[in-house]
Each structure stands twice: as structure tokens, then as C-alpha cells.
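Input: a single structure, listed below in C-alpha cells.
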Amino acid sequence: MKVKRIFSSVMALGLVVTLAACGGKDSNKGSATGSASTEGSQTGADATSVDKFESVTSDDTLVIGVSSIGGDFIQGFANSTNDVKIRQLMGIQGNTGYGTYVQDEQGAWVWNKAVLAEEPKTKDNEDGSKTVTYKLKEGLKWSDGKPVTSDDYIWKTLMLSSPSYSLVTGSTEIGADSAKGYEAYHSGKTDALEGIKKIDDLTFEAVIDASFLPYYEEESLKAFDLRPMHLEAPNLIIDVNKVAVNPDYKLTDEDKKAYTDSIDQQIAKENEDFDAMKKEAEDGKVDEQDQKAHDDKIAGLEDRKKKAESGEGIDPTQLLFEQAMLFDTETYRKNPSVTAGSYKFVEFKNNMVKLEKDDNYVGDFKGKKPSIPKVIVQVVNPKISIDLLENGDIDVWQEETEGAKIDQMRKAADDGKIGGYLTFDRNGYGNLVFLNDRSATQYAEVRRAVAYLMDRNDFVQNFASGYGVVTNGMYGTSQWMYKERGADLEAKLTNYTLNIDQANTELDNSPYKFESDGKTPWDKEKAQKEYQSNAAGFDYWRYDEKGKKLQINQYGAQDSGITTLLNNQLPDNAKQAGMEYNVQAGDFNTLLQYLTFPKEDAEYTAFNMGTNFGTPFDPYYQYNSKGFNNKDKVNDPEADKITEELRRTKPGDKEKYLDKWEEFEVWFNKNLPEIPLYSNQYNTGYSKRVEGFETATPYWDVTYEINNMKLK
């Protein structure tokens, strides 16, 4: 029997709908963005046919089809949406793990009754901070049968907050920055984090620093999760609020060598970062304070290495601590052998992740446990995903955005070829992301010009086929803020439409207003004549005063419908504005590397992708110059001010929060650190043998609904 459930305001009947604004949550940090995804991409899968497809379904195995898998199973590295979903199935991230606070189907934060013996107690302190006390239930176990204790929560907090973690591992994680004493601990001034405290094996405290309060969605700051300390750091213990060496452990020669190797890595990373800082400076120099900080850090590391090599002065705690960090990011990151979630990791090979039900799992915050013994997450060719669903070769195809495939999915449900589909308005958007600190894309005038060189309505019609809308800010189609203030907001925003004249006006106000000699003003009339007479061989480009050509190189996922649409529009339209615009298609995981870890002279500074949001809406981490997840490299005092004020809104002060949200959206629309292309509808289909898949929202997908699902 066909089952169809719709949780949506965007219907195929039209484009005029009620939208909702965006928010986010990533790694238990308030965040505007959650995960990145390809938009209609075929990347990661071989071009196959249905006949050649080798089915791996069986009576005890649910098969989830995906377009690609990167293989990063902890946060802080590439953050592709499919890797995130696999983490969520294992409880490493998300609402079915053992976090102290999780989100329900509508994104509201709730305390986790599965792992906590009672609701956490919050105490207001005289200095303006707040102390939260957590008491774990007895009998909680990791997938290997070892007990879950307060050490595991404190361990992850201390490890990710350590000043060595990013240096040793290259991770973008910053730890518990809302904890009292974080700056002193994170800067290395102390080896203890004041804002975390072990009471006993089942009880611990966390102190939210006064400087982080008020915070609009305060409950999100109380969300702590865990890592298996017995696996990652078997020779370390938690000493109240710091790590220490187990008194019974003796250092080995192998430990000492690993320690000096780790110091070498830190020295190399510090020198690399400092060289990059000097290159970014206009005169190639840094101020005395930065130079001294660098010199002091290098001197301290070299002194530690010298003492270690002489056999004296080795800090065994630091040695073992850094070894554990490397294990976390080199071993556990790719092979999370011990977890606390619905499913446990078996293997990842041949574009396939195999998982098995964790019998030690106590259930999600509602007490639900999985009944399906095994899950496989398998890379397939998205072009034939609905065919595979109809044939029963895969059981779930999630969050489809292409209009033609949505139509195929819905028809398959109507014809009884699949079990049904669920649909909801997306909490995110398709976007064109820029590096805002280098090349031509560092100028807002250039970014706005790009927006005037494309027809975004064409994307909605040709890609989303009516299952989406054009948006003018950083919001999706499912957020309460837009429902409250959307009508007022839209009147304040620029609706960027294809307009060559307006693009030229923007560029005339940018540094790129000259011909190749850097002196003669660029002439749009001359450009039009050149374009009309020789479009294919057009060679009348804009230059800055130093004779540097206006050129943007974009990287997009191969065979993505959006990559194709952008390539069809931008290179040709851009010629008429004197801009050389190039589009390169390739692997999505390569795209993530180019975006996340760009070189100073990065070849690509524009990337088309999709971004999904969560809650709370806190764009500080993405657009504040101090934000740890500022992949766009934004450095704007106005953005710093707005994002700081938005997050500091007092809980319950809804109107002030909405005022600040509008202010942020206006800034975003004017500066365009990213160009929103559209926000659309997600459609998830499932095979006829799947039962119990009844709920899908922007905050709740198959990775959480898995505990309700069964196989016929």
C-alpha cells in the first residue's frame, strides 16, 4: 500500500509559498550551517546501469543509497552531509547518541532521558556564570561493553579544547568555548579547564562563562557529548578538570619518539600558518606582537623537543595527550570502532559503509531502539537512484532536490512501485560560496556583479522544477523567523536578477575598472561590440591598476545539475561585463578540501554546493572574523558586531532576536559572502519493504527515524 506523508508548505502547484529562516548546530556549537552537500551531483558513483547494479539487500539489512562518502566520521574535517548521516547512525553526532541535550523532531532542545538519571540542575552564580550538573544513569555501555562514565564527556571536552588539538591534528574543532576558563586553557596558560569538573564516575559539572550569557538558545550550550576515553587514552585519567597520567604507567622509548615527532609536526604547522599570515599582510610583514607570539611559541616547542631528546624534562601527560589526539584524528576518525549509538561501525570499503545494531544501546531520548539488525550506506549513481528504489536494490533515497527525480519518485509511489515518500521544506539552500579574502572574490562589488550575471529563477525552474523558491538571504524554507518577519524583511532586500548593466555598474566601483594597461577606463560599449562580433573569442577583459585581470575560477561537483546550469550562464554572461569566469567540475570531496583548506594563491575561490542549517541560528561561527568555521574567510567589523549582538539576545526576548536577525539578513544580502541560489523541498523515498518510516522534518531524517523503522 502506498504511504505518502507531506510536511511542507512548498507544493508542486506553485512557487509562491511561506518560507522560513535558517539556523544551525554543529559539533554542539551554535552555528549557522550544519553540513555541506552536492546539489544534484553524480559524484562518487560509477556510471552504471540498473542491470549491472549488484544488490546487497537482504532480509536483515536496510540499504541507504547516497551519492558519495568521504570517510570522515568525526567532526572537524570535511563535513559532507553523507558523512554526517553515518555519524548520526553511530551516535557520534546527533540526536540518537548519548549527548546530554538533543533535539526533537521540530528542533527543540530537550534533555536526554535515555542517558541522564534526572533533568540537569542549573545554578546562577554571583559572577554571572551558570553551573549545570549532569548525573548519568547507571549501566550505560559503549558498543564494546565498557562502561560509559563522566570521564568520557570530560575527556572529549578537554581534548577538543586543548591548544594542541588543532596544531597536532589539523582539525577545525575548538571545543567548549562557552565554558568558564576556556581562554586560559585553550591558550595553554593552564592545564586545567575551570568550566568542567568531575564529581564522580556518574556525575560532572559544566560552568557556562558569564561572557557567553545571555544566549538566546541557552539550552544548546548545555549539550555535551562524549568520546571513548578507554580506547583513545588508556594510560590517562581525569583528575577533576584536567588530564593526568595513570600512576601505574611507565613511559616507553616508542612513547618518547612519538612525542618528539608530534613536536616536529607542531613546529611545521606553526611556521606554515605564520608564513601564510605574512603573505596575507599587504607589505609582507606582521606586527611586533604577532612576531613575538610566533617566536615564543617556536622557542617553547624547540625547548620541549631538546629536553625530550636529552632524556630530561619530558612531560608524560602532554606526550600521551598528544598521542591520543593523533589516534582520535588518524585512527578513530576513519575507523570509529567503539561508539554509543543505534549502530556500530563494521567497515568502510568499496564505497560502502557497513553497520550493525549495537545491542548495548539504551535507546534515544524517547526510549526507542533499532530493530533492523544491519544497515549499509552505499554509494550509487544518483541518475538511477529512483530506479534502484523501485527495484528494491536500495531501501532509502534521501532528500532528493531535482524536480524530474521528485516527479519520478512521486509517480512510483502512486503506481505502487515504492513504499512511499516523505517531503518537507528544506532548512537550507543551494548556494555559490566565495572565499572573501583573496583574488577577485574578496570584493563585495565583484560578488554582487556575479549575482547580477545569473538567472536564479532559471535554477528553480530547470533544477527544482517548481519544488523550490529563489531566496535573497541566508534562510531556508522551514524557519520560524521568516514566517514571523519574512514580509517585512523582503522589502529591505535586493532581489538580484540577471542585469548586465547593473553588473557593470558594480564592477565600475571595484578595482577592476581599467583596460590591460591599468590606466585606460574599461568601456562597456566597446565590450558589447566585441561580444557581438566575436563572443567565442572575446578578449576585452577588465583589469585593476596593477594590470591584474578580473578572473574567477569556480569549482563544482561533477555532473551536478547546478554546476551545469552555472556553466551555461556565467562564463558567457560575464564576458559582457569584462569578467573571465571559468567553471571546473570534479569530485565533491576535492571541492571540500579546496574550500576548507585553501592555499594563499588558491586557484578556485568560488564553489557551488548546498548547505543545510540547524538550530540555534548563530552565524557567529561562520561570519564573525573570530569564528572557527569561517570557511568563507569573512573579515567585516559590521558582521562581527551583528553576529555578536544576535547571539547575546536574552532567552525569551523574541522581538529583539528577530530585529537582530533582520539586521543580519540585510548585511548578508548586501555583502553576499555567498549567493543564495534557491531554497527548495526535500523528498525522501523508501522501498516497499520498509515500515514505520513516518516522520521527516528538517531536524529529523532516516538516521533518527531508524529506531522506529522495520523491514517486512
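Going by the C-alpha cells order, chains are called A, B, ..., each with residues numbered from 1, while ligands are numbered from 1 in the order shown.
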
Quiz prompt | All residues 10 Å or closer to A:Lys123, only C-alpha atoms, same chain fewer than 6 positions away omitted, as a ChimeraX atom specification | solution = /A:129-133,207

Would you put the residues from that selection into a file with N, CA and C atoms, as a compact mmCIF listing (two decimals), in the first residue's frame?
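Below is the file part_12.txt, written as the result:
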```
# COMPACT_ATOMS: atom_id res chain seq x y z
N SER A 129 27.94 33.67 35.76
CA SER A 129 28.04 32.38 35.08
C SER A 129 26.94 31.45 35.57
N LYS A 130 26.80 30.29 34.93
CA LYS A 130 25.81 29.30 35.34
C LYS A 130 26.46 27.93 35.42
N THR A 131 26.17 27.22 36.48
CA THR A 131 26.69 25.87 36.67
C THR A 131 25.59 24.85 36.41
N VAL A 132 25.88 23.90 35.54
CA VAL A 132 24.93 22.85 35.19
C VAL A 132 25.49 21.52 35.66
N THR A 133 24.68 20.76 36.39
CA THR A 133 25.11 19.48 36.94
C THR A 133 24.40 18.34 36.22
N VAL A 207 30.35 24.74 33.68
CA VAL A 207 30.06 26.13 34.02
C VAL A 207 30.08 26.95 32.74
```

Self-check item: Contacts of A:Pro373 within 10 Å, only C-alpha atoms, excl. fewer than 4 positions in-chain, as an MDAnalysis selection string
Solution: chainID A and resid 59:62 343 355:359 710:711

Exercise. List the neighbours of A:Thr471 out to 9 Å using only C-alpha atoms; skip same-chain residues closer than 5 positions along the sequence, and give me the result as a PyMOL selection string.
Key: chain A and resi 19+429+476-477+495+676-679

With N, CA, C and O atoms retained, write the just-selected residues as a compact mmCIF listing (two decimals), in the first residue's frame.
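This is the output file result-v3.txt:
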```txt
# COMPACT_ATOMS: atom_id res chain seq x y z
N LEU A 19 8.04 30.97 3.50
CA LEU A 19 9.39 30.49 3.75
C LEU A 19 9.71 30.58 5.23
O LEU A 19 9.00 31.19 6.01
N TYR A 429 19.85 25.81 1.78
CA TYR A 429 19.71 26.31 0.42
C TYR A 429 20.83 25.81 -0.48
O TYR A 429 21.85 25.30 -0.02
N GLY A 476 16.29 29.28 4.92
CA GLY A 476 15.70 28.17 4.19
C GLY A 476 14.20 28.34 4.14
O GLY A 476 13.66 29.41 4.40
N THR A 477 13.51 27.27 3.85
CA THR A 477 12.05 27.36 3.70
C THR A 477 11.32 26.70 4.87
O THR A 477 10.19 26.28 4.72
N ASN A 495 16.66 41.95 -4.67
CA ASN A 495 16.39 40.72 -5.42
C ASN A 495 17.29 40.74 -6.65
O ASN A 495 17.02 41.43 -7.63
N PRO A 676 22.82 33.08 -2.38
CA PRO A 676 21.78 32.06 -2.27
C PRO A 676 21.14 31.85 -3.65
O PRO A 676 20.72 32.81 -4.29
N LEU A 677 21.11 30.62 -4.10
CA LEU A 677 20.54 30.32 -5.42
C LEU A 677 19.06 30.01 -5.33
O LEU A 677 18.27 30.47 -6.14
N TYR A 678 18.68 29.22 -4.34
CA TYR A 678 17.28 28.83 -4.17
C TYR A 678 17.18 28.08 -2.85
O TYR A 678 18.17 27.58 -2.32
N SER A 679 15.99 27.99 -2.31
CA SER A 679 15.71 27.07 -1.22
C SER A 679 14.58 26.19 -1.69
O SER A 679 13.62 26.67 -2.30
```

Quick one: residues within 7 Å of A:Lys180, only C-alpha atoms, excluding same-chain residues fewer than 4 positions away - as a compact mmCIF listing (two decimals) with C-alpha atoms, in the first residue's frame?
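Saved result, part.txt, follows:
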```
# COMPACT_ATOMS: atom_id res chain seq x y z
CA GLU A 194 37.82 25.60 35.12
CA GLY A 195 34.43 25.17 33.45
CA VAL A 207 30.06 26.13 34.02
CA ILE A 208 28.83 28.44 31.24
CA ASP A 209 31.00 31.56 31.31
```

Contacts of A:Trp661 at 10 Å or less, counting only C-alpha atoms, minus same-chain residues fewer than 6 places along, as an mmCIF file with N, CA and C atoms, in the first residue's frame?
```cif
data_model
loop_
_atom_site.group_PDB
_atom_site.id
_atom_site.type_symbol
_atom_site.label_atom_id
_atom_site.label_comp_id
_atom_site.auth_asym_id
_atom_site.auth_seq_id
_atom_site.Cartn_x
_atom_site.Cartn_y
_atom_site.Cartn_z
ATOM 1 N N ALA A 21 13.304 30.949 8.001
ATOM 2 C CA ALA A 21 14.715 31.342 8.009
ATOM 3 C C ALA A 21 15.606 30.224 8.498
ATOM 4 N N CYS A 22 16.937 30.509 8.438
ATOM 5 C CA CYS A 22 17.897 29.442 8.682
ATOM 6 C C CYS A 22 18.501 29.520 10.065
ATOM 7 N N MET A 481 11.640 32.219 11.909
ATOM 8 C CA MET A 481 11.951 33.647 11.821
ATOM 9 C C MET A 481 11.378 34.259 10.544
ATOM 10 N N TYR A 482 11.495 33.533 9.449
ATOM 11 C CA TYR A 482 10.963 34.061 8.198
ATOM 12 C C TYR A 482 9.442 34.097 8.223
ATOM 13 N N ARG A 485 8.722 37.298 10.197
ATOM 14 C CA ARG A 485 9.156 38.598 9.696
ATOM 15 C C ARG A 485 9.442 38.620 8.189
ATOM 16 N N LEU A 489 10.953 41.670 5.937
ATOM 17 C CA LEU A 489 12.345 41.528 5.515
ATOM 18 C C LEU A 489 12.518 41.701 4.012
ATOM 19 N N PHE A 617 20.135 29.395 15.417
ATOM 20 C CA PHE A 617 20.657 30.255 14.372
ATOM 21 C C PHE A 617 21.684 31.175 15.005
ATOM 22 N N ASP A 618 22.943 30.832 14.814
ATOM 23 C CA ASP A 618 24.038 31.612 15.378
ATOM 24 C C ASP A 618 25.144 31.702 14.332
ATOM 25 N N PRO A 619 25.061 32.686 13.424
ATOM 26 C CA PRO A 619 26.046 32.785 12.345
ATOM 27 C C PRO A 619 27.404 33.310 12.791
ATOM 28 N N ILE A 642 27.157 42.493 14.395
ATOM 29 C CA ILE A 642 25.805 41.935 14.283
ATOM 30 C C ILE A 642 25.747 40.520 14.836
ATOM 31 N N THR A 643 26.708 39.693 14.464
ATOM 32 C CA THR A 643 26.672 38.294 14.914
ATOM 33 C C THR A 643 26.874 38.185 16.420
ATOM 34 N N GLU A 645 25.885 40.527 18.638
ATOM 35 C CA GLU A 645 24.654 41.004 19.271
ATOM 36 C C GLU A 645 23.519 39.991 19.113
ATOM 37 N N LEU A 646 23.469 39.314 17.992
ATOM 38 C CA LEU A 646 22.407 38.331 17.767
ATOM 39 C C LEU A 646 22.477 37.204 18.779
ATOM 40 N N ARG A 647 23.659 36.658 18.982
ATOM 41 C CA ARG A 647 23.795 35.530 19.912
ATOM 42 C C ARG A 647 23.614 35.958 21.368
ATOM 43 N N GLU A 655 11.279 39.418 20.131
ATOM 44 C CA GLU A 655 11.257 40.562 19.223
ATOM 45 C C GLU A 655 12.657 41.130 18.986
ATOM 46 N N TRP A 667 22.584 42.629 6.103
ATOM 47 C CA TRP A 667 24.036 42.638 5.875
ATOM 48 C C TRP A 667 24.421 41.554 4.873
#
```

Exercise. Do a neighbour search on stretch 256-270 of chain A at 7 Å with only C-alpha atoms, toss out local chain neighbours closer than 5 positions, and write the hits as an MDAnalysis selection string.
Key: chainID A and resid 167:168 298 301 305 308 319

Store the residues picked out above, limited to N, CA, C and O atoms, as an mmCIF file, in the first residue's frame.
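Just written: selection.cif:
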```
data_model
loop_
_atom_site.group_PDB
_atom_site.id
_atom_site.type_symbol
_atom_site.label_atom_id
_atom_site.label_comp_id
_atom_site.auth_asym_id
_atom_site.auth_seq_id
_atom_site.Cartn_x
_atom_site.Cartn_y
_atom_site.Cartn_z
ATOM 1 N N LEU A 167 46.660 22.101 16.343
ATOM 2 C CA LEU A 167 48.039 22.085 15.861
ATOM 3 C C LEU A 167 48.487 20.678 15.486
ATOM 4 O O LEU A 167 49.112 20.457 14.455
ATOM 5 N N VAL A 168 48.163 19.715 16.340
ATOM 6 C CA VAL A 168 48.607 18.341 16.127
ATOM 7 C C VAL A 168 47.812 17.661 15.027
ATOM 8 O O VAL A 168 48.355 16.883 14.243
ATOM 9 N N ILE A 298 57.488 29.001 19.006
ATOM 10 C CA ILE A 298 58.515 28.151 18.399
ATOM 11 C C ILE A 298 59.609 27.832 19.415
ATOM 12 O O ILE A 298 60.063 26.677 19.533
ATOM 13 N N LEU A 301 58.375 25.214 21.852
ATOM 14 C CA LEU A 301 58.319 23.880 21.253
ATOM 15 C C LEU A 301 59.718 23.294 21.078
ATOM 16 O O LEU A 301 59.954 22.106 21.362
ATOM 17 N N LYS A 305 61.351 19.907 22.759
ATOM 18 C CA LYS A 305 61.966 18.842 21.968
ATOM 19 C C LYS A 305 63.394 18.563 22.443
ATOM 20 O O LYS A 305 63.817 17.396 22.559
ATOM 21 N N ALA A 308 63.336 16.634 25.590
ATOM 22 C CA ALA A 308 62.884 15.260 25.344
ATOM 23 C C ALA A 308 64.008 14.416 24.762
ATOM 24 O O ALA A 308 64.216 13.261 25.155
ATOM 25 N N LEU A 319 52.790 14.201 26.431
ATOM 26 C CA LEU A 319 53.171 13.174 25.458
ATOM 27 C C LEU A 319 51.989 12.264 25.145
ATOM 28 O O LEU A 319 51.604 12.072 23.989
#
```

Quiz item: Quick one: DSSP helix (DSSP H, G or I) residues in stretch 491-571 of chain A, as number ranges by chain?
Solution: A: 500-508, 524-533, 561-571

Against stretch 574-595 of chain A, which residues of stretch 421-503 of chain A fall within 9 Å? For each one I want the closest pair of atoms and the distance in Å (one decimal), counting only C-alpha atoms, rows by chain and increasing residue number, as a Markdown table.
```
| residue | atom | partner | partner_atom | distance |
| --- | --- | --- | --- | --- |
| A:Val433 | CA | A:Leu595 | CA | 8.8 |
| A:Phe434 | CA | A:Leu595 | CA | 8.7 |
| A:Leu435 | CA | A:Leu595 | CA | 7.8 |
| A:Ala449 | CA | A:Ala577 | CA | 8.5 |
| A:Val450 | CA | A:Ala574 | CA | 7.7 |
| A:Leu453 | CA | A:Ala574 | CA | 6.3 |
| A:Met454 | CA | A:Ala574 | CA | 9.0 |
| A:Ile500 | CA | A:Ala577 | CA | 6.6 |
| A:Asp501 | CA | A:Ala577 | CA | 8.0 |
| A:Ala503 | CA | A:Ala577 | CA | 6.6 |
```

Based on the selection just made, write all heavy atoms of those residues as a PDB file, in the first residue's frame.
```pdb
ATOM      1  N   VAL A 433      29.348  29.681  -2.984  1.00  0.00           N
ATOM      2  CA  VAL A 433      30.189  30.121  -1.874  1.00  0.00           C
ATOM      3  C   VAL A 433      31.460  30.775  -2.418  1.00  0.00           C
ATOM      4  O   VAL A 433      32.057  30.278  -3.376  1.00  0.00           O
ATOM      5  CB  VAL A 433      30.559  28.918  -0.982  1.00  0.00           C
ATOM      6  CG1 VAL A 433      31.505  29.339   0.130  1.00  0.00           C
ATOM      7  CG2 VAL A 433      29.298  28.299  -0.403  1.00  0.00           C
ATOM      8  N   PHE A 434      31.881  31.864  -1.777  1.00  0.00           N
ATOM      9  CA  PHE A 434      33.104  32.560  -2.180  1.00  0.00           C
ATOM     10  C   PHE A 434      34.124  32.560  -1.045  1.00  0.00           C
ATOM     11  O   PHE A 434      33.758  32.605   0.135  1.00  0.00           O
ATOM     12  CB  PHE A 434      32.815  34.023  -2.529  1.00  0.00           C
ATOM     13  CG  PHE A 434      31.903  34.224  -3.706  1.00  0.00           C
ATOM     14  CD1 PHE A 434      30.644  34.777  -3.523  1.00  0.00           C
ATOM     15  CD2 PHE A 434      32.304  33.869  -4.980  1.00  0.00           C
ATOM     16  CE1 PHE A 434      29.799  34.986  -4.601  1.00  0.00           C
ATOM     17  CE2 PHE A 434      31.463  34.067  -6.068  1.00  0.00           C
ATOM     18  CZ  PHE A 434      30.210  34.619  -5.886  1.00  0.00           C
ATOM     19  N   LEU A 435      35.407  32.549  -1.409  1.00  0.00           N
ATOM     20  CA  LEU A 435      36.455  32.934  -0.466  1.00  0.00           C
ATOM     21  C   LEU A 435      36.498  34.455  -0.483  1.00  0.00           C
ATOM     22  O   LEU A 435      36.756  35.068  -1.517  1.00  0.00           O
ATOM     23  CB  LEU A 435      37.799  32.345  -0.883  1.00  0.00           C
ATOM     24  CG  LEU A 435      37.902  30.811  -0.869  1.00  0.00           C
ATOM     25  CD1 LEU A 435      39.291  30.360  -1.305  1.00  0.00           C
ATOM     26  CD2 LEU A 435      37.571  30.241   0.500  1.00  0.00           C
ATOM     27  N   ALA A 449      28.277  41.623  -8.555  1.00  0.00           N
ATOM     28  CA  ALA A 449      28.243  41.567 -10.020  1.00  0.00           C
ATOM     29  C   ALA A 449      27.939  40.144 -10.491  1.00  0.00           C
ATOM     30  O   ALA A 449      27.152  39.949 -11.435  1.00  0.00           O
ATOM     31  CB  ALA A 449      29.576  42.042 -10.596  1.00  0.00           C
ATOM     32  N   VAL A 450      28.540  39.151  -9.844  1.00  0.00           N
ATOM     33  CA  VAL A 450      28.263  37.757 -10.205  1.00  0.00           C
ATOM     34  C   VAL A 450      26.776  37.456 -10.028  1.00  0.00           C
ATOM     35  O   VAL A 450      26.156  36.776 -10.855  1.00  0.00           O
ATOM     36  CB  VAL A 450      29.124  36.793  -9.368  1.00  0.00           C
ATOM     37  CG1 VAL A 450      28.723  35.338  -9.641  1.00  0.00           C
ATOM     38  CG2 VAL A 450      30.601  36.986  -9.664  1.00  0.00           C
ATOM     39  N   LEU A 453      24.802  38.466 -12.856  1.00  0.00           N
ATOM     40  CA  LEU A 453      25.153  37.801 -14.111  1.00  0.00           C
ATOM     41  C   LEU A 453      24.500  36.434 -14.250  1.00  0.00           C
ATOM     42  O   LEU A 453      24.844  35.669 -15.152  1.00  0.00           O
ATOM     43  CB  LEU A 453      26.681  37.660 -14.205  1.00  0.00           C
ATOM     44  CG  LEU A 453      27.445  38.971 -14.392  1.00  0.00           C
ATOM     45  CD1 LEU A 453      28.947  38.751 -14.233  1.00  0.00           C
ATOM     46  CD2 LEU A 453      27.136  39.589 -15.752  1.00  0.00           C
ATOM     47  N   MET A 454      23.571  36.131 -13.365  1.00  0.00           N
ATOM     48  CA  MET A 454      22.894  34.835 -13.435  1.00  0.00           C
ATOM     49  C   MET A 454      21.379  35.009 -13.294  1.00  0.00           C
ATOM     50  O   MET A 454      20.904  35.985 -12.713  1.00  0.00           O
ATOM     51  CB  MET A 454      23.417  33.883 -12.358  1.00  0.00           C
ATOM     52  CG  MET A 454      23.119  34.317 -10.932  1.00  0.00           C
ATOM     53  SD  MET A 454      23.617  33.081  -9.698  1.00  0.00           S
ATOM     54  CE  MET A 454      25.395  33.264  -9.742  1.00  0.00           C
ATOM     55  N   ILE A 500      22.958  42.839 -16.901  1.00  0.00           N
ATOM     56  CA  ILE A 500      24.341  43.097 -17.302  1.00  0.00           C
ATOM     57  C   ILE A 500      24.745  44.531 -16.967  1.00  0.00           C
ATOM     58  O   ILE A 500      25.866  44.787 -16.503  1.00  0.00           O
ATOM     59  CB  ILE A 500      24.531  42.833 -18.812  1.00  0.00           C
ATOM     60  CG1 ILE A 500      24.118  41.397 -19.173  1.00  0.00           C
ATOM     61  CG2 ILE A 500      25.983  43.085 -19.205  1.00  0.00           C
ATOM     62  CD1 ILE A 500      24.934  40.328 -18.530  1.00  0.00           C
ATOM     63  N   ASP A 501      23.834  45.480 -17.168  1.00  0.00           N
ATOM     64  CA  ASP A 501      24.144  46.883 -16.871  1.00  0.00           C
ATOM     65  C   ASP A 501      24.467  47.071 -15.394  1.00  0.00           C
ATOM     66  O   ASP A 501      25.411  47.784 -15.026  1.00  0.00           O
ATOM     67  CB  ASP A 501      22.981  47.790 -17.274  1.00  0.00           C
ATOM     68  CG  ASP A 501      22.852  47.937 -18.784  1.00  0.00           C
ATOM     69  OD1 ASP A 501      23.860  47.694 -19.481  1.00  0.00           O
ATOM     70  OD2 ASP A 501      21.758  48.287 -19.256  1.00  0.00           O
ATOM     71  N   ALA A 503      25.525  44.784 -13.334  1.00  0.00           N
ATOM     72  CA  ALA A 503      26.801  44.113 -13.064  1.00  0.00           C
ATOM     73  C   ALA A 503      27.959  45.032 -13.419  1.00  0.00           C
ATOM     74  O   ALA A 503      28.949  45.144 -12.682  1.00  0.00           O
ATOM     75  CB  ALA A 503      26.882  42.811 -13.851  1.00  0.00           C
TER      76      ALA A 503
END
```

Quiz prompt | Neighbour list for A:Leu160 as a PyMOL selection string, cut-off 10 Å, only C-alpha atoms, skip fewer than 3 positions in-chain | solution = chain A and resi 76+155-157+163-166+171-177+186+325

Practice problem: Between A:Val245, A:Ala117, A:Ala606, A:Met159, single out the one closest to A:Pro228, counting only C-alpha atoms. | Solution: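 The shortest atom-to-atom distance to A:Pro228 comes from A:Met159.
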